[in-house]
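Input: a single structure, listed below in structure tokens.
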Amino acid sequence: MKLRELFGQDRPVFSCEVFPPKKSAPVDSIYQTLDGLKDIRFDFISVTYGAGGSSNVNQSTSEIAALIENKYHIPAMAHLTCVAAGREDADRILAELKEAGVENILALRGDVNPDYPPKTDFHYASELVAYIREKGDFGISAACYPEGHFESPDLVSDIRRLKEKVDAGAQHLVSQLFFDNDDFFRFLERARIAGINVPIEAGIMPIQSKNSIQRMVTMCGATIPSKLTRLLAKYGDHPEALREASIAYAIDQISDLIAGGVDGIHLYTMNNPDTAKAIAEAISSIRTVS
Ligand code: FAD
């Protein structure tokens, strides 16, 4: 199933992201994650593609996406990046995905990992989007940034570049994580004014720990609002309290986004099905209000 068929119903799409196990862990450890997620009834599950050229991790993206489609019978979206895949890699991966019945790809540029020289066939996600579109067989999605991508000189050029990706063939967008819904609503307004009319899912990440949030924010440039700073200051050294507070924060964000008419919620699960389950249960009625 192509993901675009999921949108435009009377309720927002609810999806999530998993990542392949690290090289040191057996690929099978993903079963634990997926077994935990399968009863949540996500509309689709996406699988990240490792940064740099780690062939082991990247190989498992296709395998895990195939598993999600064929064992768990949930539509899967495989991520693919320009920095880690040249034309030949892309051809091979697209053939594998097609063979496995995986019909959706999130086309990304990726970030250069200093340990692996980047592939250079595609420089920006829009080029990869156009290449996949030429093949004709896939639903294509792309990334967007409520606060602007960290390399964009300003928000206007950020939206212009985003429009190029959509014009190249991206049919659905998934946002970077953010912690202030006003950033997302303002972004949505800019995107619609610019004529970007594809469905846009809001990316929500429940905080795992003080350290992980610092790392994440450094990597992607998301702003931490004062409300969240207070939670981290108070509960940051108390893992169970932080877990409860971060679940509550995510639920608050999601219920407000759904009330604001968002097309979908994409949960960054960090392979933690218990947190995903707690959030899904708390919004089970909210999800169905049309
Ligand atoms: P692009 O759309 O190519 O944009 C990158 C930058 O280049 C932007 O600043 C843009 O404005 C600028 N730009 C675009 N086109 C041009 C042009 N023609 N000329 C000049 N400048 C231009 N990374 C991974 O490695 N693996 C993953 O699985 C992964 N999954 C992700 C999922 C989501 C939902 C998101 C939001 C991000 C994900 N990332 C992943 C991170 C992503 O790869 C980085 O954020 C990366 O820095 C940008 O990727 P992009 O596809 O948005 O790039």
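Naming scheme: A, B, ... for chains in displayed order of the structure tokens; residues 1 onward per chain; ligands 1 onward as shown.
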Residues within 8 Å of ligand 1 (only C-alpha atoms and all ligand atoms), as number ranges by chain? A: 19, 47-52, 79-81, 83-84, 106-111, 123-126, 142-145, 148-153, 157-162, 164-165, 173-177, 203, 220
From the list A:Gly264, A:Pro114, A:Gly195, A:Pro146, which residue is nearest Phe44 (chain A) when using only C-alpha atoms?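 Residue with the minimum atom-to-atom distance to Phe44 (chain A): A:Gly264.
Among the candidates A:Leu267, A:Ile204, A:Ile132, A:Val198, the one nearest to Ala95 (chain A) when counting only C-alpha atoms is A:Ile132.
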Just list as a PyMOL selection string whatever in region 64-179 of chain A DSSP marks as strand (DSSP E or B). chain A and resi 76-81+104-108+139-144+172-177
Given the choices A:Asn181, A:Pro75, A:Ala85, A:Phe138, which gets closest to Val112 (chain A) if the distance is worked out from only C-alpha atoms?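 Of A:Asn181, A:Pro75, A:Ala85, A:Phe138, the one nearest Val112 (chain A), counting only C-alpha atoms, is A:Ala85.
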Show which residues sit within 12 Å of Asp137 (chain A), as a PyMOL selection string. Count only C-alpha atoms, and ignore same-chain residues fewer than 2 positions away. chain A and resi 1-2+94-95+97-99+101-105+131-135+139-140
Mind writing the picked residues with all heavy atoms as a compact mmCIF listing (two decimals), in the first residue's frame?
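Final output, again_16.txt:
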```txt
# COMPACT_ATOMS: atom_id res chain seq x y z
N MET A 1 0.84 -1.20 0.00
CA MET A 1 0.00 0.00 0.00
C MET A 1 0.88 1.26 0.00
O MET A 1 1.83 1.36 0.76
CB MET A 1 -0.88 -0.01 1.25
CG MET A 1 -1.62 1.28 1.45
SD MET A 1 -2.22 1.47 3.14
CE MET A 1 -3.90 0.97 2.93
N LYS A 2 0.53 2.19 -0.88
CA LYS A 2 1.26 3.47 -0.88
C LYS A 2 0.69 4.35 0.26
O LYS A 2 -0.53 4.41 0.45
CB LYS A 2 1.05 4.21 -2.21
CG LYS A 2 1.44 3.39 -3.45
CD LYS A 2 2.93 3.45 -3.69
CE LYS A 2 3.33 2.93 -5.06
NZ LYS A 2 2.97 1.56 -5.40
N LEU A 94 16.37 -0.55 -4.05
CA LEU A 94 15.01 -0.43 -4.60
C LEU A 94 14.53 -1.78 -5.12
O LEU A 94 13.37 -2.15 -4.93
CB LEU A 94 14.97 0.61 -5.73
CG LEU A 94 15.28 2.06 -5.33
CD1 LEU A 94 15.18 3.00 -6.53
CD2 LEU A 94 14.34 2.55 -4.23
N ALA A 95 15.45 -2.54 -5.76
CA ALA A 95 15.07 -3.87 -6.27
C ALA A 95 14.71 -4.79 -5.11
O ALA A 95 13.70 -5.51 -5.17
CB ALA A 95 16.21 -4.45 -7.11
N LEU A 97 13.63 -3.94 -2.13
CA LEU A 97 12.38 -3.51 -1.51
C LEU A 97 11.19 -3.91 -2.36
O LEU A 97 10.17 -4.39 -1.86
CB LEU A 97 12.40 -1.99 -1.27
CG LEU A 97 13.40 -1.49 -0.22
CD1 LEU A 97 13.45 0.04 -0.21
CD2 LEU A 97 13.05 -2.02 1.18
N LYS A 98 11.35 -3.73 -3.66
CA LYS A 98 10.24 -4.08 -4.57
C LYS A 98 9.93 -5.57 -4.47
O LYS A 98 8.78 -5.97 -4.35
CB LYS A 98 10.64 -3.71 -6.01
CG LYS A 98 9.47 -3.77 -6.95
CD LYS A 98 9.82 -3.29 -8.31
CE LYS A 98 8.62 -3.53 -9.22
NZ LYS A 98 8.96 -3.41 -10.61
N GLU A 99 10.99 -6.36 -4.49
CA GLU A 99 10.86 -7.82 -4.39
C GLU A 99 10.14 -8.20 -3.09
O GLU A 99 9.32 -9.11 -3.05
CB GLU A 99 12.28 -8.40 -4.43
CG GLU A 99 12.43 -9.83 -3.96
CD GLU A 99 12.50 -10.79 -5.13
OE1 GLU A 99 12.96 -10.36 -6.19
OE2 GLU A 99 12.08 -11.96 -4.95
N GLY A 101 8.02 -6.40 -1.47
CA GLY A 101 6.69 -5.80 -1.36
C GLY A 101 6.66 -4.53 -0.53
O GLY A 101 5.59 -4.08 -0.10
N VAL A 102 7.84 -3.93 -0.27
CA VAL A 102 7.87 -2.65 0.46
C VAL A 102 7.70 -1.53 -0.56
O VAL A 102 8.49 -1.40 -1.49
CB VAL A 102 9.20 -2.47 1.23
CG1 VAL A 102 9.26 -1.10 1.90
CG2 VAL A 102 9.38 -3.59 2.26
N GLU A 103 6.65 -0.73 -0.39
CA GLU A 103 6.28 0.21 -1.47
C GLU A 103 6.59 1.67 -1.15
O GLU A 103 6.26 2.55 -1.95
CB GLU A 103 4.78 0.09 -1.74
CG GLU A 103 4.36 -1.25 -2.31
CD GLU A 103 2.88 -1.23 -2.66
OE1 GLU A 103 2.51 -0.62 -3.68
OE2 GLU A 103 2.10 -1.80 -1.88
N ASN A 104 7.17 1.92 0.03
CA ASN A 104 7.34 3.32 0.44
C ASN A 104 8.77 3.61 0.90
O ASN A 104 9.35 2.82 1.65
CB ASN A 104 6.35 3.64 1.56
CG ASN A 104 4.93 3.44 1.11
OD1 ASN A 104 4.40 4.24 0.34
ND2 ASN A 104 4.31 2.34 1.53
N ILE A 105 9.27 4.77 0.46
CA ILE A 105 10.64 5.16 0.80
C ILE A 105 10.66 6.60 1.31
O ILE A 105 9.99 7.47 0.74
CB ILE A 105 11.55 5.07 -0.45
CG1 ILE A 105 11.55 3.62 -0.94
CG2 ILE A 105 12.96 5.54 -0.16
CD1 ILE A 105 12.52 3.32 -2.00
N TYR A 131 15.10 10.63 -8.64
CA TYR A 131 15.61 9.36 -9.16
C TYR A 131 14.62 8.22 -8.86
O TYR A 131 14.32 7.40 -9.72
CB TYR A 131 16.97 9.07 -8.52
CG TYR A 131 17.67 7.88 -9.13
CD1 TYR A 131 18.23 7.95 -10.40
CD2 TYR A 131 17.75 6.67 -8.45
CE1 TYR A 131 18.87 6.86 -10.98
CE2 TYR A 131 18.38 5.57 -9.01
CZ TYR A 131 18.95 5.67 -10.27
OH TYR A 131 19.57 4.58 -10.84
N ILE A 132 14.13 8.20 -7.62
CA ILE A 132 13.18 7.13 -7.24
C ILE A 132 11.88 7.28 -8.03
O ILE A 132 11.29 6.31 -8.47
CB ILE A 132 12.91 7.16 -5.71
CG1 ILE A 132 14.21 6.94 -4.94
CG2 ILE A 132 11.87 6.11 -5.32
CD1 ILE A 132 14.11 7.18 -3.44
N ARG A 133 11.50 8.53 -8.23
CA ARG A 133 10.24 8.77 -8.98
C ARG A 133 10.34 8.22 -10.40
O ARG A 133 9.39 7.64 -10.92
CB ARG A 133 9.96 10.27 -9.03
CG ARG A 133 8.64 10.60 -9.66
CD ARG A 133 8.57 12.08 -9.93
NE ARG A 133 7.24 12.55 -10.19
CZ ARG A 133 6.94 13.81 -10.38
NH1 ARG A 133 7.88 14.74 -10.32
NH2 ARG A 133 5.70 14.18 -10.64
N GLU A 134 11.53 8.40 -11.01
CA GLU A 134 11.75 7.88 -12.38
C GLU A 134 11.46 6.39 -12.45
O GLU A 134 11.00 5.89 -13.45
CB GLU A 134 13.21 8.07 -12.77
CG GLU A 134 13.49 9.24 -13.67
CD GLU A 134 14.98 9.39 -13.88
OE1 GLU A 134 15.68 8.37 -14.09
OE2 GLU A 134 15.46 10.53 -13.79
N LYS A 135 11.79 5.68 -11.35
CA LYS A 135 11.59 4.22 -11.33
C LYS A 135 10.10 3.89 -11.30
O LYS A 135 9.69 2.82 -11.72
CB LYS A 135 12.26 3.59 -10.11
CG LYS A 135 13.71 3.94 -9.96
CD LYS A 135 14.57 2.92 -10.63
CE LYS A 135 15.93 3.52 -10.95
NZ LYS A 135 16.77 2.70 -11.79
N GLY A 139 5.94 4.84 -3.36
CA GLY A 139 5.44 6.04 -2.71
C GLY A 139 6.67 6.74 -2.12
O GLY A 139 7.50 6.08 -1.48
N ILE A 140 6.79 8.04 -2.33
CA ILE A 140 8.01 8.73 -1.89
C ILE A 140 7.67 9.78 -0.83
O ILE A 140 6.78 10.61 -1.04
CB ILE A 140 8.73 9.42 -3.07
CG1 ILE A 140 8.92 8.43 -4.22
CG2 ILE A 140 10.08 9.99 -2.62
CD1 ILE A 140 9.39 9.09 -5.52
```
Pick out the closest residue to Ala65 (chain A) from this set: A:Ser29, A:Asp115, A:Leu228, A:Val18. Count only C-alpha atoms.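 When distances to Ala65 (chain A) are compared using only C-alpha atoms, the smallest one comes from A:Val18.
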As a ChimeraX atom specification, please: all residues of region 177-240 of chain A that backbone DSSP puts in alpha helix (DSSP H). /A:181-193,210-220,226-235,239-240
With only C-alpha atoms as the basis for distance, which of A:Val129, A:Ala245, A:Pro12, A:Leu6 is at the shortest distance from Ser285 (chain A)? A:Pro12
Residues within 9 Å of Ile40 (chain A), please, as a PyMOL selection string. Count only C-alpha atoms; anything in the same chain fewer than 4 positions from it doesn't count. chain A and resi 36+276-277+280-281
Write the residues you've just listed into a file as a PDB file, in the first residue's frame, and include C-alpha atoms for each of them.
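Listing of out-v9.pdb after writing:
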```pdb
ATOM      1  CA  GLY A  36       5.887  -4.726  21.379  1.00  0.00           C
ATOM      2  CA  ALA A 276       4.945   4.061  22.629  1.00  0.00           C
ATOM      3  CA  LYS A 277       2.220   1.880  24.175  1.00  0.00           C
ATOM      4  CA  ALA A 280      -0.996   5.228  22.287  1.00  0.00           C
ATOM      5  CA  GLU A 281      -3.283   4.125  25.134  1.00  0.00           C
TER       6      GLU A 281
END
```
Coordinates-based distance that separates CA of Ser246 (chain A) from CA of Ile207 (chain A) (Å, one decimal): 5.5 Å
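For the pair CA of Lys23 (chain A) and CA of Thr61 (chain A), the interatomic distance is 12.3 Å.
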Distance of CA of Val13 (chain A) from CA of Ala250 (chain A), expressed in Å to one decimal place: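 Atom-to-atom, CA of Ala250 (chain A) to CA of Val13 (chain A), that is 16.2 Å.
Across A:Met219, A:Pro206, A:Val166, A:Asp183, the tightest approach to His266 (chain A) is made by A:Pro206 when counting only C-alpha atoms.
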